[in-house]
Structure formats: structure tokens, C-alpha cells
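Chemist: File follows, target_1.cif with mmCIF, C-alpha atoms:
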data_model
loop_
_atom_site.label_atom_id
_atom_site.label_comp_id
_atom_site.auth_asym_id
_atom_site.auth_seq_id
_atom_site.Cartn_x
_atom_site.Cartn_y
_atom_site.Cartn_z
CA MET A 1 -0.61 40.65 -11.03
CA SER A 2 -3.77 40.95 -8.98
CA ARG A 3 -3.73 41.06 -5.18
CA GLY A 4 -5.27 37.57 -5.08
CA THR A 5 -2.51 36.15 -7.27
CA ILE A 6 0.20 37.85 -5.19
CA ARG A 7 -1.38 36.60 -1.94
CA SER A 8 -1.68 33.02 -3.32
CA SER A 9 1.94 33.09 -4.48
CA PHE A 10 3.07 34.33 -1.06
CA VAL A 11 1.15 31.55 0.72
CA LEU A 12 2.73 28.89 -1.52
CA ILE A 13 6.24 30.32 -1.01
CA ALA A 14 5.71 30.59 2.77
CA PHE A 15 4.41 27.01 2.98
CA GLY A 16 7.39 25.77 0.97
CA ALA A 17 9.84 27.62 3.24
CA LEU A 18 8.09 26.34 6.38
CA SER A 19 8.20 22.81 5.00
CA LEU A 20 11.88 23.18 4.22
CA PHE A 21 12.74 24.40 7.73
CA CYS A 22 10.56 21.81 9.45
CA GLY A 23 11.86 18.95 7.35
CA VAL A 24 8.46 18.21 5.83
CA PRO A 25 8.37 18.22 2.03
CA ALA A 26 5.80 20.47 0.42
CA ARG A 27 3.26 18.34 -1.45
CA SER A 28 0.83 19.18 -4.18
CA SER A 29 -2.75 17.98 -3.71
CA ALA A 30 -2.09 15.21 -6.25
CA GLU A 31 0.68 13.79 -4.03
CA VAL A 32 -1.23 13.75 -0.74
CA LEU A 33 -0.91 10.32 0.81
CA ILE A 34 -3.95 8.14 1.38
CA PRO A 35 -3.75 6.95 5.01
CA PRO A 36 -3.76 3.16 5.53
CA CYS A 37 -6.38 3.31 8.30
CA PRO A 38 -9.30 3.37 8.49
CA ALA A 39 -10.13 0.95 5.71
CA PRO A 40 -11.87 2.36 2.63
CA ARG A 41 -15.44 1.22 2.07
CA SER A 42 -15.56 -1.43 -0.65
CA ASN A 43 -17.98 -4.15 -1.66
CA VAL A 44 -15.74 -7.20 -2.12
CA LYS A 45 -18.39 -9.95 -2.05
CA SER A 46 -18.27 -10.47 -5.83
CA TRP A 47 -14.46 -10.67 -5.90
CA SER A 48 -12.76 -14.02 -6.55
CA ARG A 49 -11.36 -15.93 -3.59
CA ILE A 50 -7.69 -16.89 -3.89
CA ASP A 51 -6.68 -19.85 -1.71
CA ALA A 52 -3.04 -19.85 -0.65
CA GLY A 53 -2.85 -22.76 1.78
CA LYS A 54 -2.79 -21.28 5.29
CA PHE A 55 -4.53 -18.07 4.20
CA HIS A 56 -6.85 -16.68 1.54
CA PHE A 57 -7.82 -13.30 0.09
CA ARG A 58 -10.06 -11.80 -2.57
CA LEU A 59 -9.27 -10.05 -5.85
CA PRO A 60 -11.48 -8.23 -8.36
CA SER A 61 -12.27 -10.22 -11.52
CA ASP A 62 -9.89 -8.16 -13.70
CA PHE A 63 -6.79 -9.62 -11.92
CA ARG A 64 -4.73 -12.45 -13.44
CA GLU A 65 -1.88 -14.43 -11.90
CA VAL A 66 1.63 -13.68 -13.14
CA LYS A 67 4.16 -16.53 -13.05
CA ILE A 68 7.22 -15.78 -10.93
CA ARG A 69 10.13 -17.80 -9.51
CA PRO A 70 10.26 -17.81 -5.72
CA ILE A 71 13.65 -18.22 -4.03
CA ASP A 72 13.10 -19.22 -0.40
CA SER A 73 9.40 -18.80 0.37
CA TYR A 74 5.90 -19.16 -1.04
CA VAL A 75 5.39 -16.16 -3.33
CA ARG A 76 2.68 -15.32 -5.86
CA SER A 77 1.90 -12.25 -7.96
CA PHE A 78 -1.29 -10.95 -9.59
CA GLN A 79 -1.99 -7.93 -11.77
CA THR A 80 -4.84 -6.23 -13.56
CA ARG A 81 -5.24 -6.76 -17.30
CA ASP A 82 -3.89 -3.27 -17.97
CA SER A 83 -1.03 -3.75 -15.44
CA SER A 84 -2.07 -0.64 -13.50
CA ILE A 85 -2.23 -2.58 -10.21
CA ILE A 86 0.08 -5.39 -9.08
CA VAL A 87 -0.43 -7.47 -5.89
CA ASN A 88 2.18 -9.81 -4.40
CA PHE A 89 2.52 -11.91 -1.29
CA ASP A 90 5.45 -13.55 0.48
CA TRP A 91 4.76 -16.32 3.01
CA GLY A 92 7.91 -17.43 4.79
CA ALA A 93 10.56 -16.89 7.43
CA PHE A 94 12.04 -13.75 5.84
CA SER A 95 8.91 -11.82 4.82
CA ASP A 96 9.30 -8.05 5.18
CA PRO A 97 7.90 -6.73 8.50
CA LEU A 98 7.36 -3.27 6.90
CA THR A 99 9.29 -1.54 9.66
CA ASP A 100 11.98 0.05 7.48
CA ASN A 101 12.32 3.81 7.40
CA TYR A 102 11.33 4.29 3.74
CA ALA A 103 13.09 7.69 4.01
CA THR A 104 12.90 8.41 0.28
CA ARG A 105 9.10 8.15 0.21
CA GLN A 106 6.08 9.67 1.94
CA THR A 107 4.88 6.80 4.14
CA GLU A 108 2.19 6.33 6.77
CA SER A 109 1.52 3.25 8.88
CA CYS A 110 -0.95 1.87 11.39
CA SER A 111 -1.75 -1.40 13.14
CA GLU A 112 -5.06 -3.12 12.62
CA ARG A 113 -6.62 -6.53 13.14
CA ILE A 114 -7.12 -8.15 9.74
CA GLY A 115 -8.19 -11.76 9.38
CA GLY A 116 -8.27 -12.09 13.15
CA ARG A 117 -4.56 -11.20 13.52
CA MET A 118 -2.69 -7.96 14.09
CA ALA A 119 -1.11 -6.50 10.95
CA ARG A 120 1.08 -3.51 10.23
CA VAL A 121 -0.44 -1.61 7.29
CA ILE A 122 1.38 1.05 5.27
CA THR A 123 0.72 3.34 2.36
CA SER A 124 3.41 5.15 0.47
CA ALA A 125 3.32 7.85 -2.20
CA PRO A 126 5.95 8.76 -4.79
CA GLY A 127 6.69 12.14 -3.22
CA ASP A 128 9.19 13.99 -5.37
CA ARG A 129 9.89 10.87 -7.45
CA PRO A 130 6.98 10.78 -9.91
CA ARG A 131 8.22 7.65 -11.72
CA MET A 132 7.83 5.63 -8.54
CA LYS A 133 4.47 4.05 -7.82
CA TYR A 134 1.98 4.29 -5.00
CA ILE A 135 2.21 1.38 -2.56
CA ALA A 136 -0.07 -0.26 -0.01
CA ALA A 137 1.09 -3.21 2.09
CA ALA A 138 0.36 -5.27 5.18
CA ALA A 139 2.55 -7.57 7.26
CA TRP A 140 1.50 -10.24 9.73
CA ARG A 141 4.22 -11.64 12.01
CA ASP A 142 4.36 -15.22 13.35
CA VAL A 143 1.19 -16.44 11.66
CA ALA A 144 2.73 -19.84 12.30
CA PRO A 145 5.86 -20.18 14.45
CA GLY A 146 8.66 -18.43 12.53
CA THR A 147 6.44 -17.91 9.47
CA HIS A 148 5.24 -14.48 8.39
CA LEU A 149 3.03 -13.04 5.66
CA THR A 150 3.64 -9.81 3.78
CA MET A 151 1.23 -8.73 1.08
CA TRP A 152 1.93 -5.60 -0.93
CA GLY A 153 0.82 -3.92 -4.08
CA SER A 154 1.80 -1.08 -6.33
CA THR A 155 -0.33 1.09 -8.54
CA THR A 156 0.05 3.99 -10.91
CA ASN A 157 -2.55 6.20 -9.23
CA ARG A 158 -4.22 7.10 -5.93
CA ARG A 159 -7.49 5.40 -6.93
CA GLY A 160 -5.59 2.11 -7.09
CA VAL A 161 -4.37 2.61 -3.50
CA ARG A 162 -7.97 2.39 -2.28
CA LYS A 163 -8.42 -0.88 -4.18
CA LEU A 164 -5.15 -2.25 -2.74
CA LEU A 165 -6.23 -1.35 0.79
CA ALA A 166 -9.55 -3.14 0.20
CA ILE A 167 -7.70 -6.23 -1.08
CA LEU A 168 -5.47 -6.29 2.02
CA ARG A 169 -8.58 -6.21 4.24
CA THR A 170 -9.88 -9.45 2.64
CA VAL A 171 -7.04 -11.62 4.00
CA GLY A 172 -8.21 -14.45 6.23
CA PHE A 173 -6.28 -17.25 7.91
CA GLU A 174 -6.99 -20.98 8.16
CA ASP A 175 -6.65 -22.44 11.65
#
Rewrite the coordinates I just gave you, this time as C-alpha cells.
Modeler:
Amino acid sequence: MSRGTIRSSFVLIAFGALSLFCGVPARSSAEVLIPPCPAPRSNVKSWSRIDAGKFHFRLPSDFREVKIRPIDSYVRSFQTRDSSIIVNFDWGAFSDPLTDNYATRQTESCSERIGGRMARVITSAPGDRPRMKYIAAAAWRDVAPGTHLTMWGSTTNRRGVRKLLAILRTVGFED
């Protein structure tokens, strides 16, 4: 082994041990989480507008609606033709506020004004569970009295997270 290889190995082992003692999992560069804020730069003007009653949003042209059965709220789902990105929304009294711990995943959050209303935005990476997908989501509370909106998406890769974050930033509300 060369000195460079030994030094690199030592740095990786030391970082792993430090992460273990500090409670922070060591991550490879492929697993580094994309932060939810600030918003990625995207040109969304050519995207299709989806009207959903009290709100609207935009999707790229390669998305198609997927039929689902809602239980107690207004829910719709869309996905790309190759199923690499899925976007869902839940409009109702029990929509997820995105405040759970998500302890099994690497998660970051922020608050930002989207569509003229404050939203909690999160991104989440698979961490040590490679079969799980990357997630980006936003939640708006009390859009109407007792009615909330949560929009979330999953994707198979980090590039899709940027697209999901851009989609979330297109949400607008009808007054």
C-alpha cells in the first residue's frame, strides 16, 4: 500500500468512528442529502398546470395521472412515464404536517412561503436503506379552516429530488 492509500483509509476509518460516536451516520457522496431550501433553479413555464379546486400546481409534460381510491380526503397521484418520479397530494383534515421524526432516514426541513402561504418543506434520503426512495414534500396547514394540504413525491435518484422540489414550488392557492 502506498502512503496516500494508507492515509485515505485512515481518514475514512476515523470519520466513520467519529460519526459512530457522535450519532451521525457516515454517508458516501452518493447519499448526501439535497437540502429542501433554497429552491433549485428550474424553468417551469412550459409545464402543464394541474387545477385541484382550491389550489393548483405545475408538472412536466412527461407526467400522467394515476387512478387511486381516496378514503377521507381529496387525493390525486401522478407519475412519469418511466415511473421514476411519483407525486401525490392530500387535501383534507388529516393531511400529514411533516413533523414526524423520520428517525430511520436522513431528513432535512425548512419553512418557506410557497403560493403565498407558509409551508414546511422536507427532503429525505435513503441513508443505509438503498431500496428506499428519495423524498421531497411540503405541507401547508389551515389553508382553509381545518383543511390542510400535503404534497409529496418519491424518486429513484437525487436528480429527481431537484425536480420534485421545483414542482412543490409551483403550488398556488385560489382565494
Chemist: Could you list, as an NGL selection string, every residue matched by the PyMOL selection byres ((chain A and resi 153) around 7) in this structure?
Modeler: :A and (85-88 or 135-137 or 152 or 154-155 or 164)
Chemist: Using only C-alpha atoms, determine which residues lie at most 7 Å from Trp91 of chain A, disregarding the query and same-chain residues fewer than 5 positions distant; provide the list as a list in words.
Modeler: Ser73, Tyr74, Val75, Thr147, His148, Leu149 and Thr150 of chain A
Chemist: Please evaluate the PyMOL selection byres ((chain A and resi 59) around 6) against the structure above and give the resulting residues as a PDB file with C-alpha atoms, in the coordinates of the input.
Modeler:
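File produced: selection.pdb:
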ATOM      1  CA  TRP A  47     -14.460 -10.670  -5.900  1.00  0.00           C
ATOM      2  CA  SER A  48     -12.760 -14.020  -6.550  1.00  0.00           C
ATOM      3  CA  ARG A  58     -10.060 -11.800  -2.570  1.00  0.00           C
ATOM      4  CA  PRO A  60     -11.480  -8.230  -8.360  1.00  0.00           C
TER       5      PRO A  60
END
Chemist: Excluding segment 104-116 of chain A and any residue of its chain fewer than 4 positions from it, enumerate the residues within 10 Å of it, using all atoms listed in the file, and give them as a PDB file with C-alpha atoms, in the frame of the given file.
Modeler:
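Resulting contents of out-v9.pdb:
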ATOM      1  CA  VAL A  24       8.460  18.210   5.830  1.00  0.00           C
ATOM      2  CA  PRO A  25       8.370  18.220   2.030  1.00  0.00           C
ATOM      3  CA  ARG A  27       3.260  18.340  -1.450  1.00  0.00           C
ATOM      4  CA  GLU A  31       0.680  13.790  -4.030  1.00  0.00           C
ATOM      5  CA  VAL A  32      -1.230  13.750  -0.740  1.00  0.00           C
ATOM      6  CA  LEU A  33      -0.910  10.320   0.810  1.00  0.00           C
ATOM      7  CA  ILE A  34      -3.950   8.140   1.380  1.00  0.00           C
ATOM      8  CA  PRO A  35      -3.750   6.950   5.010  1.00  0.00           C
ATOM      9  CA  PRO A  36      -3.760   3.160   5.530  1.00  0.00           C
ATOM     10  CA  CYS A  37      -6.380   3.310   8.300  1.00  0.00           C
ATOM     11  CA  PRO A  38      -9.300   3.370   8.490  1.00  0.00           C
ATOM     12  CA  ALA A  39     -10.130   0.950   5.710  1.00  0.00           C
ATOM     13  CA  PHE A  55      -4.530 -18.070   4.200  1.00  0.00           C
ATOM     14  CA  HIS A  56      -6.850 -16.680   1.540  1.00  0.00           C
ATOM     15  CA  PHE A  57      -7.820 -13.300   0.090  1.00  0.00           C
ATOM     16  CA  LEU A  98       7.360  -3.270   6.900  1.00  0.00           C
ATOM     17  CA  THR A  99       9.290  -1.540   9.660  1.00  0.00           C
ATOM     18  CA  ARG A 120       1.080  -3.510  10.230  1.00  0.00           C
ATOM     19  CA  VAL A 121      -0.440  -1.610   7.290  1.00  0.00           C
ATOM     20  CA  ILE A 122       1.380   1.050   5.270  1.00  0.00           C
ATOM     21  CA  THR A 123       0.720   3.340   2.360  1.00  0.00           C
ATOM     22  CA  SER A 124       3.410   5.150   0.470  1.00  0.00           C
ATOM     23  CA  ALA A 125       3.320   7.850  -2.200  1.00  0.00           C
ATOM     24  CA  PRO A 126       5.950   8.760  -4.790  1.00  0.00           C
ATOM     25  CA  GLY A 127       6.690  12.140  -3.220  1.00  0.00           C
ATOM     26  CA  ASP A 128       9.190  13.990  -5.370  1.00  0.00           C
ATOM     27  CA  ARG A 129       9.890  10.870  -7.450  1.00  0.00           C
ATOM     28  CA  MET A 132       7.830   5.630  -8.540  1.00  0.00           C
ATOM     29  CA  TYR A 134       1.980   4.290  -5.000  1.00  0.00           C
ATOM     30  CA  ILE A 135       2.210   1.380  -2.560  1.00  0.00           C
ATOM     31  CA  ALA A 136      -0.070  -0.260  -0.010  1.00  0.00           C
ATOM     32  CA  ALA A 137       1.090  -3.210   2.090  1.00  0.00           C
ATOM     33  CA  ALA A 138       0.360  -5.270   5.180  1.00  0.00           C
ATOM     34  CA  ALA A 139       2.550  -7.570   7.260  1.00  0.00           C
ATOM     35  CA  TRP A 140       1.500 -10.240   9.730  1.00  0.00           C
ATOM     36  CA  LEU A 168      -5.470  -6.290   2.020  1.00  0.00           C
ATOM     37  CA  ARG A 169      -8.580  -6.210   4.240  1.00  0.00           C
ATOM     38  CA  THR A 170      -9.880  -9.450   2.640  1.00  0.00           C
ATOM     39  CA  VAL A 171      -7.040 -11.620   4.000  1.00  0.00           C
ATOM     40  CA  GLY A 172      -8.210 -14.450   6.230  1.00  0.00           C
ATOM     41  CA  PHE A 173      -6.280 -17.250   7.910  1.00  0.00           C
ATOM     42  CA  GLU A 174      -6.990 -20.980   8.160  1.00  0.00           C
TER      43      GLU A 174
END
Chemist: The PyMOL selection byres ((chain A and resi 76) around 8) on the file shown: which residues, as a list in words?
Modeler: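 Residues picked by the PyMOL selection byres ((chain A and resi 76) around 8): Glu65, Val66, Lys67, Ile68, Pro70, Tyr74, Val75, Ser77, Phe78, Asn88, Phe89 and Asp90 of chain A.
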Chemist: Of the candidates A:Ala93, A:Pro145, A:Ile167, A:Arg117, which one gets nearest to Arg49 of chain A if we count only C-alpha atoms?
Modeler: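 Closest candidate: A:Ile167.
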Chemist: Which residue out of A:Ser84, A:Ser95, A:Ser61, A:Ser46 has the minimum interatomic distance to Arg159 of chain A when all atoms listed in the file are used?
Modeler: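 Selected residue with least distance to Arg159 of chain A: A:Ser84.
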Chemist: Could you tell me how far atom CA of Ser42 of chain A sits from atom CA of Ala166 of chain A, in Å to one decimal place?
Modeler: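 Spanning atom CA of Ala166 of chain A to atom CA of Ser42 of chain A is a straight-line distance of 6.3 Å.
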Chemist: Could you check the closest approach to Lys54 of chain A for each of A:Ala144, A:Lys133, A:Arg162, A:Thr156 and tell me which residue wins, using only C-alpha atoms?
Modeler: A:Ala144
Chemist: Go ahead and compute the interatomic distance for atom CA of Val161 of chain A and atom CA of Met118 of chain A, in Å to one decimal.
Modeler: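 These atoms are spaced 20.6 Å apart.
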Chemist: Can you work out the spacing between atom CA of Gly160 of chain A and atom CA of Arg64 of chain A in Å, to one decimal?
Modeler: 15.9 Å
Chemist: Taking all atoms listed in the file into account, name the residue in A:Ser83, A:Gly92, A:Asp100, A:Phe63 that is nearest to Arg141 of chain A.
Modeler: A:Gly92
Chemist: Which residue, A:Met151, A:Lys45, A:Asp175, A:Asp62, has the smallest gap to Thr80 of chain A when you use all atoms listed in the file?
Modeler: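 That would be A:Asp62, the residue with the smallest distance to Thr80 of chain A.
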